[in-house]
Amino acid sequence: DGGITQSPKYLFRKEGQNVTLSCEQNLNHDAMYWYRQDPGQGLRLIYYSQIVNDFQKGDIAEGYSVSREKKESFPLTVTSAQKNPTAFYLCASSPTGLESPLHFGNGTRLTVT
Amino acid sequence: GEDVEQSLFLSVREGDSSVINCTYTDSSSTYLYWYKQEPGAGLQLLTYIFSNMDMKQDQRLTVLLNKKDKHLSLRIADTQTGDSAIYFCAPAETGGYQKVTFGIGTKLQVIP
């Protein structure tokens with residue numbers, strides 16, 4: 001079955017450490033996205049990528065970095081510069097074109113203490 | 001940018017209909033999506049409507065779009081306990097990538 005795999009489901013880190021969240025898709029989608037979800041808030045876009053080796057900042061990119069070396073993979077690094085990194089992180093992908101809804105992974109809950 | 005508003009909470013009895021409402025500001029949205037999120041999980045696409053339609057029915061789900069008032073609603077007929085979740089309204093501009101704006105979500109509680 002095609003889908004998006006995010007790992008790990010739960011992640012714990014100490015303040016000051018960088019951490020990388022994994023996102024893999026086998027849907028053959030061109031575009032991939034990272035969102036952050038905080039309690040009582042909608043999803044906010046961190047980064048997106050429309051094609052391999054290219055990515056763009058979303059609304060809240062500060063303190064995060066991404067890479068897109070392969071079509072299937074779009075890892076997100078939460079750096080020590082991110083002031084409030086504890087959150088639920090969701091990866092999504094979509095085909096390009098008009099009728100192209102986002103497909104989501106099951107998320108990674110990151111806790112930084 | 002786009003602003004999307006939804007009520008925070010809705011409680012219904014099992015078997016009744018649920019109606020979740022959403023208003024948005026950007027008239028250039030091409031598609032308007034409804035997503036469902038269960039606790040600790042990702043978002044699952046429920047249904048969507050193209051902006052030149054005013055209604056779409058998909059089994060127990062009915063989407064109504066009033067483009068003039070920028071109002072979208074999702075009706076769930078015969079609501080079941082398994083429908084308890086958070087529902088997100090998400091207007092999107094499409095192109096090379098999906099520029100999607102999410103509301104804060106409406107938490108639907110179904111009482112047995």
# chains A, B, ... in the order shown; residues from 1 in each chain; ligands from 1
$ closest_atom_pairs --of "region 13-107 of chain A" --to "region 83-101 of chain B" --cutoff "8 Å" --atoms "only C-alpha atoms" --output "CSV"
residue,atom,partner,partner_atom,distance
A:Ala31,CA,B:Tyr97,CA,6.2
A:Leu43,CA,B:Thr101,CA,7.8
A:Gln50,CA,B:Tyr97,CA,6.2
A:Ser94,CA,B:Gln98,CA,7.4
A:Pro95,CA,B:Tyr97,CA,8.0
A:Thr96,CA,B:Gly96,CA,5.4
A:Gly97,CA,B:Gly95,CA,5.8
A:Leu98,CA,B:Thr94,CA,5.6
A:Glu99,CA,B:Thr94,CA,7.8
A:Ser100,CA,B:Gln98,CA,7.3
A:Pro101,CA,B:Gln98,CA,7.4
A:Leu102,CA,B:Gln98,CA,7.4
$ residues_around --residues "Thr79 (chain A)" --least-positions-apart "5" --cutoff "9 Å" --atoms "only C-alpha atoms" --output "PyMOL selection string"
chain A and resi 16-20+63-65+85
$ interface_residues --of "chain A" --to "chain B" --cutoff "12 Å" --atoms "only C-alpha atoms" --output "PyMOL selection string"
chain A and resi 3-6+9-10+29-33+35-45+47-51+55-56+58-59+87-109
$ residues_around --residues "Lys68 (chain B)" --least-positions-apart "3" --cutoff "9 Å" --atoms "only C-alpha atoms" --output "number ranges by chain"
B: 27, 65, 71
$ atom_distance --atom1 "CA of Asp69 (chain B)" --atom2 "CA of Ser18 (chain B)"
20.9 Å
$ select_by_dssp --residues "chain A" --states "strand (DSSP E)" --output "ChimeraX atom specification"
/A:4-7,10-13,19-25,31-37,43-51,54-57,64-66,76-78,87-94,103-104,108-112
$ atom_distance --atom1 "CA of Lys56 (chain B)" --atom2 "CA of Thr79 (chain B)"
17.9 Å
$ atom_distance --atom1 "CA of Asp3 (chain B)" --atom2 "CA of Leu74 (chain B)"
18.1 Å
$ closest_residue --among "A:Thr113, A:Ser7, A:Thr86, A:Ser67" --to "Leu21 (chain A)" --atoms "only C-alpha atoms"
A:Ser7
$ residues_around --residues "Phe9 (chain B)" --least-positions-apart "6" --cutoff "8 Å" --atoms "only C-alpha atoms" --output "list of chain:residue names"
B:Thr106, B:Lys107, B:Leu108, B:Gln109
$ write_last_selection --atoms "C-alpha atoms" --output "short mmCIF file (atom, residue, chain, number, x, y, z; two decimals), in the first residue's frame"
data_model
loop_
_atom_site.label_atom_id
_atom_site.label_comp_id
_atom_site.auth_asym_id
_atom_site.auth_seq_id
_atom_site.Cartn_x
_atom_site.Cartn_y
_atom_site.Cartn_z
CA THR B 106 -13.63 21.61 15.20
CA LYS B 107 -13.66 18.87 17.79
CA LEU B 108 -16.71 16.67 17.24
CA GLN B 109 -17.88 14.67 20.23
#
$ residues_around --residues "Lys67 (chain B)" --least-positions-apart "4" --cutoff "10 Å" --atoms "only C-alpha atoms" --output "MDAnalysis selection string"
chainID B and resid 23:24 27 29 51:54 71:72
